[in-house]
>>> print(open('data16.pdb').read())   # PDB, C-alpha atoms
ATOM      1  CA  MET A   2       6.750   5.843 -28.173
ATOM      2  CA  LEU A   3       7.301   8.731 -25.820
ATOM      3  CA  ILE A   4      10.470   8.256 -23.773
ATOM      4  CA  LYS A   5      10.676  10.324 -20.636
ATOM      5  CA  SER A   6      13.939  11.286 -18.990
ATOM      6  CA  ARG A   7      14.295   9.409 -15.740
ATOM      7  CA  PRO A   8      14.419  11.401 -12.505
ATOM      8  CA  SER A   9      17.422  11.145 -10.244
ATOM      9  CA  TRP A  10      15.782   8.610  -7.935
ATOM     10  CA  ALA A  11      14.713   6.279 -10.770
ATOM     11  CA  LEU A  12      17.350   3.655 -11.486
ATOM     12  CA  SER A  13      17.589   0.336 -13.271
ATOM     13  CA  HIS A  14      14.803  -2.227 -12.919
ATOM     14  CA  SER A  15      17.369  -4.967 -13.575
ATOM     15  CA  HIS A  16      18.581  -4.754  -9.974
ATOM     16  CA  VAL A  17      15.411  -6.217  -8.529
ATOM     17  CA  THR A  18      16.432  -9.092  -6.295
ATOM     18  CA  PRO A  19      15.061 -12.464  -7.521
ATOM     19  CA  GLU A  20      12.453 -14.074  -5.280
ATOM     20  CA  HIS A  21      13.555 -17.591  -4.428
ATOM     21  CA  ILE A  22      10.868 -18.551  -1.968
ATOM     22  CA  TYR A  23       7.890 -19.829  -3.891
ATOM     23  CA  LEU A  24       4.364 -20.169  -2.579
ATOM     24  CA  ASN A  25       2.340 -23.272  -3.508
ATOM     25  CA  ARG A  26       1.110 -22.942  -7.078
ATOM     26  CA  ARG A  27      -2.162 -23.816  -8.694
ATOM     27  CA  ARG A  28      -3.485 -23.193 -12.140
ATOM     28  CA  PHE A  29      -5.534 -20.166 -13.004
ATOM     29  CA  MET A  30      -9.280 -20.709 -12.950
ATOM     30  CA  SER A  31     -10.979 -21.047 -16.283
ATOM     31  CA  GLY A  32     -11.085 -17.642 -17.967
ATOM     32  CA  ILE A  33      -8.045 -16.242 -16.136
ATOM     33  CA  ALA A  34      -5.629 -17.130 -18.930
ATOM     34  CA  ALA A  35      -4.679 -14.198 -21.112
ATOM     35  CA  GLY A  36      -6.771 -13.514 -24.169
ATOM     36  CA  ALA A  37      -5.495 -13.369 -27.705
ATOM     37  CA  ALA A  38      -3.900  -9.960 -27.231
ATOM     38  CA  GLY A  39      -2.061 -11.116 -24.176
ATOM     39  CA  LEU A  40      -0.854 -14.279 -25.892
ATOM     40  CA  ALA A  41       0.442 -12.235 -28.782
ATOM     41  CA  MET A  42       2.350  -9.922 -26.449
ATOM     42  CA  PRO A  43       4.399 -11.894 -23.896
ATOM     43  CA  GLY A  44       4.626 -10.187 -20.522
ATOM     44  CA  LEU A  45       1.138  -8.683 -20.677
ATOM     45  CA  LEU A  46      -1.912 -10.003 -18.867
ATOM     46  CA  SER A  47      -5.307  -8.378 -18.798
ATOM     47  CA  ALA A  48      -6.227  -7.494 -15.250
ATOM     48  CA  ALA A  49      -9.759  -8.702 -15.985
ATOM     49  CA  ALA A  50      -8.670 -11.680 -13.903
ATOM     50  CA  ALA A  51      -8.300 -11.428 -10.153
ATOM     51  CA  PRO A  52      -4.949 -12.633  -8.806
ATOM     52  CA  VAL A  53      -5.021 -16.178  -7.439
ATOM     53  CA  GLN A  54      -3.230 -16.857  -4.160
ATOM     54  CA  GLY A  55       0.220 -18.263  -4.810
ATOM     55  CA  GLU A  56       0.069 -17.697  -8.550
ATOM     56  CA  SER A  57       2.699 -15.834 -10.545
ATOM     57  CA  LEU A  58       1.486 -12.597 -12.126
ATOM     58  CA  ASN A  59       2.383 -11.283 -15.536
ATOM     59  CA  PHE A  60       3.210  -7.602 -15.529
ATOM     60  CA  ILE A  61       4.791  -4.717 -17.359
ATOM     61  CA  PRO A  62       7.994  -3.481 -15.674
ATOM     62  CA  ALA A  63       7.769   0.228 -14.865
ATOM     63  CA  PRO A  64      11.390   1.417 -14.685
ATOM     64  CA  LYS A  65      10.281   5.010 -14.097
ATOM     65  CA  PHE A  66       9.120   3.813 -10.672
ATOM     66  CA  SER A  67      12.165   1.709  -9.865
ATOM     67  CA  THR A  68      15.233   2.041  -7.688
ATOM     68  CA  ASP A  69      18.490   0.119  -7.575
ATOM     69  CA  GLU A  70      18.539   0.237  -3.793
ATOM     70  CA  GLU A  71      18.887  -3.272  -2.435
ATOM     71  CA  LYS A  72      15.491  -4.932  -2.266
ATOM     72  CA  THR A  73      14.261  -6.269   1.042
ATOM     73  CA  PRO A  74      14.411 -10.088   0.923
ATOM     74  CA  PHE A  75      11.067 -11.740   0.308
ATOM     75  CA  LYS A  76      11.256 -13.621   3.606
ATOM     76  CA  ASP A  77      11.472 -10.327   5.525
ATOM     77  CA  VAL A  78       8.690  -8.702   3.534
ATOM     78  CA  ILE A  79       6.256 -11.499   4.405
ATOM     79  CA  ARG A  80       7.352 -12.069   8.009
ATOM     80  CA  TYR A  81       7.709  -8.524   9.395
ATOM     81  CA  ASN A  82       4.377  -6.730   9.182
ATOM     82  CA  ASN A  83       1.975  -4.416  10.940
ATOM     83  CA  PHE A  84      -1.521  -5.783  10.351
ATOM     84  CA  TYR A  85      -3.304  -5.395  13.673
ATOM     85  CA  GLU A  86      -6.321  -7.324  12.455
ATOM     86  CA  PHE A  87      -4.186 -10.393  13.171
ATOM     87  CA  GLY A  88      -2.335  -9.173  16.264
ATOM     88  CA  THR A  89       0.163  -6.547  17.368
ATOM     89  CA  GLY A  90       3.327  -8.637  16.974
ATOM     90  CA  LYS A  91       5.330  -8.208  13.794
ATOM     91  CA  ASP A  92       5.119 -11.963  13.166
ATOM     92  CA  ASP A  93       1.410 -12.312  14.025
ATOM     93  CA  PRO A  94       0.147 -11.630  10.471
ATOM     94  CA  ALA A  95       2.354 -14.379   9.026
ATOM     95  CA  LYS A  96       1.148 -16.772  11.741
ATOM     96  CA  TYR A  97      -2.568 -16.101  11.544
ATOM     97  CA  ALA A  98      -3.523 -14.508   8.216
ATOM     98  CA  ASP A  99      -4.093 -17.857   6.528
ATOM     99  CA  ASN A 100      -7.465 -17.928   8.309
ATOM    100  CA  MET A 101      -8.701 -15.146   6.028
ATOM    101  CA  SER A 102     -10.530 -16.111   2.848
ATOM    102  CA  VAL A 103      -9.772 -13.843  -0.122
ATOM    103  CA  ASP A 104     -11.473 -15.731  -2.942
ATOM    104  CA  PRO A 105     -13.968 -14.488  -3.973
ATOM    105  CA  TRP A 106     -13.456 -10.832  -3.048
ATOM    106  CA  SER A 107     -15.559  -7.775  -3.719
ATOM    107  CA  VAL A 108     -15.189  -4.036  -3.113
ATOM    108  CA  ILE A 109     -18.101  -1.679  -2.421
ATOM    109  CA  VAL A 110     -17.835   1.632  -4.291
ATOM    110  CA  ASP A 111     -20.197   4.386  -3.158
ATOM    111  CA  GLY A 112     -20.565   8.083  -2.532
ATOM    112  CA  GLU A 113     -20.034  10.908  -5.002
ATOM    113  CA  CYS A 114     -19.304   8.965  -8.177
ATOM    114  CA  GLY A 115     -21.017   7.992 -11.403
ATOM    115  CA  ASN A 116     -20.367   4.249 -11.171
ATOM    116  CA  PRO A 117     -21.196   3.048  -7.668
ATOM    117  CA  GLY A 118     -21.815  -0.609  -6.918
ATOM    118  CA  THR A 119     -20.331  -3.774  -5.493
ATOM    119  CA  TYR A 120     -17.463  -4.853  -7.726
ATOM    120  CA  ALA A 121     -15.873  -8.268  -7.936
ATOM    121  CA  LEU A 122     -12.146  -7.686  -7.689
ATOM    122  CA  GLU A 123     -11.560  -8.647 -11.315
ATOM    123  CA  ASP A 124     -14.201  -6.146 -12.441
ATOM    124  CA  LEU A 125     -12.667  -3.364 -10.365
ATOM    125  CA  LEU A 126      -9.254  -3.977 -11.917
ATOM    126  CA  GLN A 127     -10.231  -4.419 -15.543
ATOM    127  CA  PRO A 128      -9.203  -3.463 -18.182
ATOM    128  CA  HIS A 129      -5.831  -2.416 -16.793
ATOM    129  CA  ASP A 130      -2.586  -4.336 -17.259
ATOM    130  CA  TYR A 131      -0.492  -5.021 -14.198
ATOM    131  CA  GLU A 132       2.690  -3.004 -13.633
ATOM    132  CA  GLU A 133       5.632  -3.705 -11.367
ATOM    133  CA  ARG A 134       6.836  -0.730  -9.331
ATOM    134  CA  VAL A 135       9.756  -0.884  -6.917
ATOM    135  CA  TYR A 136       8.984   1.504  -4.067
ATOM    136  CA  ARG A 137      10.557   2.408  -0.762
ATOM    137  CA  LEU A 138       8.243   1.790   2.210
ATOM    138  CA  ARG A 139       8.841   3.873   5.356
ATOM    139  CA  CYS A 140       7.025   2.934   8.556
ATOM    140  CA  VAL A 141       6.204   5.617  11.124
ATOM    141  CA  GLU A 142       8.060   3.380  13.609
ATOM    142  CA  ALA A 143      11.325   4.310  11.808
ATOM    143  CA  TRP A 144      11.986   1.088   9.910
ATOM    144  CA  SER A 145      11.835   0.726   6.149
ATOM    145  CA  MET A 146      11.839  -1.720   3.247
ATOM    146  CA  VAL A 147      12.221  -1.673  -0.542
ATOM    147  CA  ILE A 148       9.503  -3.759  -2.212
ATOM    148  CA  PRO A 149       8.685  -4.658  -5.831
ATOM    149  CA  TRP A 150       4.889  -4.325  -5.978
ATOM    150  CA  VAL A 151       2.578  -5.495  -8.773
ATOM    151  CA  GLY A 152      -0.690  -3.726  -9.424
ATOM    152  CA  VAL A 153      -2.424  -0.829 -11.184
ATOM    153  CA  PRO A 154      -2.327   2.953 -10.762
ATOM    154  CA  LEU A 155      -5.029   4.160  -8.373
ATOM    155  CA  ALA A 156      -5.796   7.054 -10.725
ATOM    156  CA  ASP A 157      -6.798   4.669 -13.526
ATOM    157  CA  VAL A 158      -9.364   2.958 -11.300
ATOM    158  CA  VAL A 159     -10.656   6.262  -9.911
ATOM    159  CA  LYS A 160     -11.210   7.697 -13.389
ATOM    160  CA  ARG A 161     -13.300   4.704 -14.430
ATOM    161  CA  LEU A 162     -15.491   5.119 -11.335
ATOM    162  CA  GLU A 163     -16.238   8.712 -12.443
ATOM    163  CA  PRO A 164     -16.036  10.894  -9.330
ATOM    164  CA  THR A 165     -18.376  13.884  -9.359
ATOM    165  CA  SER A 166     -17.383  17.474  -8.690
ATOM    166  CA  LYS A 167     -18.401  16.951  -5.051
ATOM    167  CA  ALA A 168     -15.772  14.247  -4.537
ATOM    168  CA  LYS A 169     -12.986  15.947  -2.596
ATOM    169  CA  TYR A 170     -11.718  12.899  -0.695
ATOM    170  CA  LEU A 171     -11.357   9.167  -1.147
ATOM    171  CA  TYR A 172     -12.187   6.939   1.827
ATOM    172  CA  PHE A 173     -11.101   3.303   2.286
ATOM    173  CA  GLU A 174     -12.061   0.472   4.643
ATOM    174  CA  THR A 175     -10.392  -2.828   5.476
ATOM    175  CA  LEU A 176     -12.327  -6.061   5.921
ATOM    176  CA  GLU A 177     -13.981  -6.436   9.319
ATOM    177  CA  ASP A 178     -14.461 -10.121  10.169
ATOM    178  CA  PRO A 179     -13.465 -11.118  13.723
ATOM    179  CA  GLU A 180     -13.971 -14.813  12.963
ATOM    180  CA  GLN A 181     -11.181 -14.647  10.403
ATOM    181  CA  MET A 182      -9.138 -11.843  11.966
ATOM    182  CA  ARG A 183      -8.225 -12.708  15.526
ATOM    183  CA  GLY A 184      -6.864  -9.239  16.328
ATOM    184  CA  GLN A 185     -10.366  -7.811  15.937
ATOM    185  CA  GLN A 186     -11.506 -10.076  18.785
ATOM    186  CA  SER A 187      -8.995  -8.706  21.287
ATOM    187  CA  ILE A 188     -10.488  -6.918  24.282
ATOM    188  CA  PHE A 189      -7.235  -4.946  24.521
ATOM    189  CA  SER A 190      -7.481  -3.430  21.045
ATOM    190  CA  THR A 191      -7.795   0.364  20.914
ATOM    191  CA  ILE A 192      -8.966   0.286  17.295
ATOM    192  CA  ASP A 193     -12.605   0.906  16.446
ATOM    193  CA  TRP A 194     -12.911  -1.574  13.585
ATOM    194  CA  PRO A 195     -12.967  -1.514  10.637
ATOM    195  CA  TYR A 196      -9.620   0.103   9.832
ATOM    196  CA  ARG A 197     -10.205   3.368   7.957
ATOM    197  CA  GLU A 198      -8.017   5.543   5.751
ATOM    198  CA  GLY A 199      -8.405   8.453   3.375
ATOM    199  CA  LEU A 200      -6.776  10.712   0.801
ATOM    200  CA  ARG A 201      -7.452  14.035  -0.818
ATOM    201  CA  MET A 202      -8.495  13.496  -4.420
ATOM    202  CA  ASP A 203      -5.366  15.151  -5.785
ATOM    203  CA  GLU A 204      -3.284  12.722  -3.730
ATOM    204  CA  ALA A 205      -5.301   9.794  -5.032
ATOM    205  CA  MET A 206      -4.747  10.970  -8.603
ATOM    206  CA  ASN A 207      -0.986  11.383  -8.185
ATOM    207  CA  GLU A 208       1.055   9.110 -10.435
ATOM    208  CA  LEU A 209       2.706   7.378  -7.458
ATOM    209  CA  ALA A 210      -0.538   6.199  -5.797
ATOM    210  CA  PHE A 211      -0.878   2.485  -6.492
ATOM    211  CA  LEU A 212      -3.278  -0.385  -5.864
ATOM    212  CA  ALA A 213      -1.146  -3.479  -5.307
ATOM    213  CA  VAL A 214      -2.335  -7.033  -5.881
ATOM    214  CA  GLY A 215       1.089  -8.661  -5.742
ATOM    215  CA  LEU A 216       4.714  -8.411  -4.716
ATOM    216  CA  TYR A 217       7.843 -10.080  -5.988
ATOM    217  CA  GLY A 218       5.895 -11.161  -9.053
ATOM    218  CA  LYS A 219       3.245 -13.164  -7.187
ATOM    219  CA  ALA A 220      -0.207 -12.502  -5.783
ATOM    220  CA  LEU A 221      -0.115 -10.671  -2.448
ATOM    221  CA  PRO A 222       0.363 -12.917   0.573
ATOM    222  CA  LYS A 223      -2.504 -12.509   3.014
ATOM    223  CA  GLN A 224      -0.271 -11.009   5.700
ATOM    224  CA  ASN A 225       0.695  -8.234   3.261
ATOM    225  CA  GLY A 226      -2.866  -7.137   2.575
ATOM    226  CA  ALA A 227      -4.303  -9.615   0.064
ATOM    227  CA  PRO A 228      -5.979  -9.456  -2.244
ATOM    228  CA  ILE A 229      -5.750  -5.676  -2.790
ATOM    229  CA  ARG A 230      -4.075  -2.889  -0.844
ATOM    230  CA  LEU A 231      -3.047   0.720  -1.261
ATOM    231  CA  VAL A 232       0.625   1.729  -1.657
ATOM    232  CA  LEU A 233       1.613   5.379  -1.087
ATOM    233  CA  PRO A 234       5.420   5.515  -1.034
ATOM    234  CA  TRP A 235       5.723   9.157   0.064
ATOM    235  CA  LYS A 236       3.613   8.578   3.192
ATOM    236  CA  TYR A 237       4.160   6.533   6.334
ATOM    237  CA  GLY A 238       3.141   2.930   5.923
ATOM    238  CA  PHE A 239      -0.034   3.065   8.005
ATOM    239  CA  LYS A 240      -1.657   5.086   5.191
ATOM    240  CA  SER A 241      -1.282   2.121   2.809
ATOM    241  CA  ILE A 242      -4.470   0.365   3.900
ATOM    242  CA  LYS A 243      -4.703  -3.407   3.398
ATOM    243  CA  SER A 244      -7.426  -5.869   2.319
ATOM    244  CA  ILE A 245      -9.697  -3.135   0.971
ATOM    245  CA  VAL A 246     -13.456  -3.803   0.910
ATOM    246  CA  ARG A 247     -14.846  -0.261   0.462
ATOM    247  CA  ILE A 248     -13.922   2.825  -1.550
ATOM    248  CA  ARG A 249     -16.100   5.880  -0.997
ATOM    249  CA  PHE A 250     -15.993   9.260  -2.745
ATOM    250  CA  GLN A 251     -16.983  12.012  -0.342
ATOM    251  CA  GLU A 252     -17.079  15.750   0.049
ATOM    252  CA  ARG A 253     -15.903  15.919   3.679
ATOM    253  CA  ARG A 254     -12.543  14.755   4.952
ATOM    254  CA  PRO A 255     -12.786  11.321   6.558
ATOM    255  CA  LYS A 256     -11.545  10.640  10.067
ATOM    256  CA  THR A 257      -8.900   7.942   9.789
ATOM    257  CA  THR A 258      -8.199   5.146  12.258
ATOM    258  CA  TRP A 259      -4.949   6.465  13.735
ATOM    259  CA  GLU A 260      -6.336   9.997  13.900
ATOM    260  CA  ARG A 261      -9.127   8.623  16.070
ATOM    261  CA  ILE A 262      -6.687   6.810  18.363
ATOM    262  CA  ALA A 263      -3.942   9.424  18.757
ATOM    263  CA  PRO A 264      -4.489  12.614  16.735
ATOM    264  CA  SER A 265      -1.434  14.306  18.249
ATOM    265  CA  GLU A 266       0.798  11.511  16.930
ATOM    266  CA  TYR A 267      -0.746  10.361  13.642
ATOM    267  CA  GLY A 268      -2.183  12.987  11.338
ATOM    268  CA  PHE A 269      -4.328  12.682   8.236
ATOM    269  CA  TYR A 270      -1.505  13.429   5.803
ATOM    270  CA  ALA A 271       1.276  11.338   7.371
ATOM    271  CA  ASN A 272       3.878  12.432   4.833
ATOM    272  CA  VAL A 273       7.360  11.108   5.551
ATOM    273  CA  ASN A 274       9.196  14.070   7.034
ATOM    274  CA  PRO A 275      12.506  13.923   8.920
ATOM    275  CA  GLU A 276      11.928  17.516  10.030
ATOM    276  CA  VAL A 277       8.890  16.553  12.127
ATOM    277  CA  ASP A 278       9.632  14.033  14.860
ATOM    278  CA  HIS A 279       7.105  11.678  16.335
ATOM    279  CA  PRO A 280       6.357  12.803  19.934
ATOM    280  CA  ARG A 281       8.188   9.721  21.217
ATOM    281  CA  TRP A 282      11.049   9.237  18.732
ATOM    282  CA  SER A 283      13.074  10.926  16.025
ATOM    283  CA  GLN A 284      12.127  10.571  12.370
ATOM    284  CA  LYS A 285      15.505  11.711  11.084
ATOM    285  CA  ARG A 286      16.784   8.168  10.535
ATOM    286  CA  GLU A 287      15.287   4.808   9.671
ATOM    287  CA  ARG A 288      16.347   1.203  10.120
ATOM    288  CA  ARG A 289      16.434  -0.435   6.685
ATOM    289  CA  LEU A 290      15.492  -4.099   6.879
ATOM    290  CA  PRO A 291      16.991  -6.625   7.163
ATOM    291  CA  SER A 292      18.503  -5.272  10.344
ATOM    292  CA  GLY A 293      20.063  -6.975  13.346
ATOM    293  CA  LEU A 294      20.876  -6.127  16.935
ATOM    294  CA  PHE A 295      24.546  -5.586  16.132
ATOM    295  CA  SER A 296      24.003  -4.312  12.575
ATOM    296  CA  PRO A 297      20.955  -2.029  12.734
ATOM    297  CA  ASN A 298      21.540  -0.644   9.214
ATOM    298  CA  TRP A 299      20.529   2.951   9.961
ATOM    299  CA  ILE A 300      20.120   5.346   7.033
ATOM    300  CA  GLU A 301      19.057   8.981   6.782
ATOM    301  CA  THR A 302      15.367   9.593   6.072
ATOM    302  CA  GLU A 303      14.493  11.775   3.078
ATOM    303  CA  LYS A 304      11.576  14.174   2.964
ATOM    304  CA  PHE A 305       8.585  12.584   1.263
ATOM    305  CA  ASN A 306      10.658   9.396   1.397
ATOM    306  CA  GLY A 307      12.685  10.651  -1.560
ATOM    307  CA  TYR A 308       9.672  11.273  -3.820
ATOM    308  CA  GLY A 309       9.537  15.039  -3.450
ATOM    309  CA  ASP A 310       9.796  15.706  -7.187
ATOM    310  CA  GLN A 311       6.502  13.892  -7.676
ATOM    311  CA  VAL A 312       4.475  15.042  -4.672
ATOM    312  CA  ALA A 313       5.858  18.206  -3.046
ATOM    313  CA  SER A 314       3.597  20.388  -5.201
ATOM    314  CA  LEU A 315       0.542  18.773  -3.581
ATOM    315  CA  TYR A 316       1.406  20.505  -0.315
ATOM    316  CA  LYS A 317       2.622  23.864  -1.571
ATOM    317  CA  GLY A 318       1.905  26.566   0.996
ATOM    318  CA  MET A 319       0.935  24.104   3.724
ATOM    319  CA  ASP A 320       2.612  24.079   7.119
ATOM    320  CA  LEU A 321       3.713  20.450   7.281
ATOM    321  CA  ARG A 322       4.306  20.722  11.016
ATOM    322  CA  LYS A 323       0.628  21.504  11.453
ATOM    323  CA  PHE A 324      -0.637  19.236   8.669
ATOM    324  CA  TYR A 325       1.457  16.217   9.622
TER
END
>>> encode(input="data16.pdb", output="structure tokens")
Amino acid sequence: MLIKSRPSWALSHSHVTPEHIYLNRRRFMSGIAAGAAGLAMPGLLSAAAAPVQGESLNFIPAPKFSTDEEKTPFKDVIRYNNFYEFGTGKDDPAKYADNMSVDPWSVIVDGECGNPGTYALEDLLQPHDYEERVYRLRCVEAWSMVIPWVGVPLADVVKRLEPTSKAKYLYFETLEDPEQMRGQQSIFSTIDWPYREGLRMDEAMNELAFLAVGLYGKALPKQNGAPIRLVLPWKYGFKSIKSIVRIRFQERRPKTTWERIAPSEYGFYANVNPEVDHPRWSQKRERRLPSGLFSPNWIETEKFNGYGDQVASLYKGMDLRKFY
């Protein structure tokens, strides 16, 4: 087995904080249980099965993508969210996301690729095994978390969908369903639904780009983007689109949701960069959660959120003040 030397930011997986708050459990549906290979190899589960809400997930720890920074408690991860489909308050997603149905779930794949179609979630994920990756998450609002995600590398899914030579960008959409997502009903919303995001293909193929279906060893809670979301740890959190229902391969750069709303504040790339302040606040520091009024827990922000060794080459020669 090839053993790679671990970069300076990659530290022991054993420090992951246990998750003590358990969601209601129910058995896997028929056919979700691991096959013979999985039974013979404890800790592995074929991703041919879609994650079931509240169910524990089997996964392969990925220590290369781990950190021994203190993990954000599970209760904070599920109660402090930006998910404007359910409201603008940080606690709105936890209050209202239960209205969303995530089973069954399908994802439309179209555009410049060899395998377009409408994929049931389990078909999109197969045949990949789930990994756990512990990533830092930095919000553009200058708060941050450390979260143990479970999922599959985006590059593995992209390769199986066979992008053509015309595919220069990857476009994503979130579910649009105002009956289930009360924030989409608001007359005060400035968002032109559905929520849209995009990546250059080389960004999508980077080893850090991740499709998460769980956190803290369990299927994603709805308020965190169930049943499948993007995780891009070197970019501000709004790039990590939630509850994905469409993936499109396209030749032209997509216009993303926050670009449409405020292009002078939220660019297409949105790389974490303490050298480029938001027009209304500094990006030099971040408030690591949990954080209180009298103990704000400020820390210094690192360029690319500390993942420069893995991604800086993607932007070689680019003016990151212009391409923010």
>>> resolve_selection(input="data16.pdb", expression="the PyMOL selection byres ((chain A and resi 236) around 8)", output="list in words")
Arg139, Leu233, Pro234, Trp235, Tyr237, Gly238, Lys240, Tyr270, Ala271, Asn272, Val273, Phe305 and Asn306 of chain A
>>> resolve_selection(input="data16.pdb", expression="the PyMOL selection byres ((chain A and resi 322) around 10)", output="PyMOL selection string")
chain A and resi 274+276-278+319-321+323-325
>>> residues_near_point(input="data16.pdb", point="(-9.8, -3.1, -9.2)", cutoff="10 Å", atoms="only C-alpha atoms", output="list in words")
Ala48, Ala49, Ala50, Ala51, Ser107, Val108, Tyr120, Ala121, Leu122, Glu123, Asp124, Leu125, Leu126, Gln127, Pro128, His129, Gly152, Val153, Pro154, Leu155, Asp157, Val158, Val159, Leu212, Ala213, Val214 and Ile229 of chain A
>>> resolve_selection(input="data16.pdb", expression="the PyMOL selection byres ((chain A and resi 82-91) around 6)", output="list in words")
Tyr81, Asp92, Asp93, Pro94, Met182, Arg183, Gly184 and Gln185 of chain A
>>> atom_distance(input="data16.pdb", atom1="CA of Lys167 (chain A)", atom2="CA of Gly115 (chain A)")
11.3 Å
>>> build_atoms(input="data16.pdb", residues="region 52-64 of chain A", atoms="N, CA, C and O atoms", output="CSV table (one decimal), keeping the file's coordinate frame")
chain,number,residue,atom,x,y,z
A,52,PRO,N,-6.1,-11.8,-9.1
A,52,PRO,CA,-4.9,-12.6,-8.8
A,52,PRO,C,-5.3,-13.8,-7.9
A,52,PRO,O,-6.1,-13.7,-7.0
A,53,VAL,N,-4.8,-15.0,-8.2
A,53,VAL,CA,-5.0,-16.2,-7.4
A,53,VAL,C,-3.9,-16.4,-6.4
A,53,VAL,O,-2.7,-16.2,-6.8
A,54,GLN,N,-4.2,-16.7,-5.2
A,54,GLN,CA,-3.2,-16.9,-4.2
A,54,GLN,C,-2.2,-17.9,-4.6
A,54,GLN,O,-2.5,-19.0,-5.0
A,55,GLY,N,-0.9,-17.4,-4.5
A,55,GLY,CA,0.2,-18.3,-4.8
A,55,GLY,C,0.6,-18.3,-6.3
A,55,GLY,O,1.6,-18.8,-6.6
A,56,GLU,N,-0.2,-17.6,-7.1
A,56,GLU,CA,0.1,-17.7,-8.6
A,56,GLU,C,1.0,-16.6,-9.0
A,56,GLU,O,1.0,-15.5,-8.4
A,57,SER,N,1.9,-16.9,-10.0
A,57,SER,CA,2.7,-15.8,-10.5
A,57,SER,C,1.8,-14.9,-11.4
A,57,SER,O,0.8,-15.3,-12.0
A,58,LEU,N,2.2,-13.6,-11.4
A,58,LEU,CA,1.5,-12.6,-12.1
A,58,LEU,C,2.3,-12.1,-13.3
A,58,LEU,O,3.5,-11.9,-13.1
A,59,ASN,N,1.7,-11.9,-14.4
A,59,ASN,CA,2.4,-11.3,-15.5
A,59,ASN,C,2.2,-9.8,-15.4
A,59,ASN,O,1.1,-9.3,-15.0
A,60,PHE,N,3.3,-9.0,-15.7
A,60,PHE,CA,3.2,-7.6,-15.5
A,60,PHE,C,4.1,-6.9,-16.5
A,60,PHE,O,5.0,-7.5,-17.1
A,61,ILE,N,3.9,-5.6,-16.6
A,61,ILE,CA,4.8,-4.7,-17.4
A,61,ILE,C,5.8,-4.0,-16.4
A,61,ILE,O,5.3,-3.3,-15.5
A,62,PRO,N,7.1,-4.2,-16.5
A,62,PRO,CA,8.0,-3.5,-15.7
A,62,PRO,C,7.8,-2.0,-15.9
A,62,PRO,O,7.6,-1.5,-17.0
A,63,ALA,N,7.9,-1.2,-14.8
A,63,ALA,CA,7.8,0.2,-14.9
A,63,ALA,C,9.1,0.9,-14.3
A,63,ALA,O,9.1,1.3,-13.2
A,64,PRO,N,10.1,0.9,-15.2
A,64,PRO,CA,11.4,1.4,-14.7
A,64,PRO,C,11.4,2.8,-14.2
A,64,PRO,O,12.2,3.2,-13.3
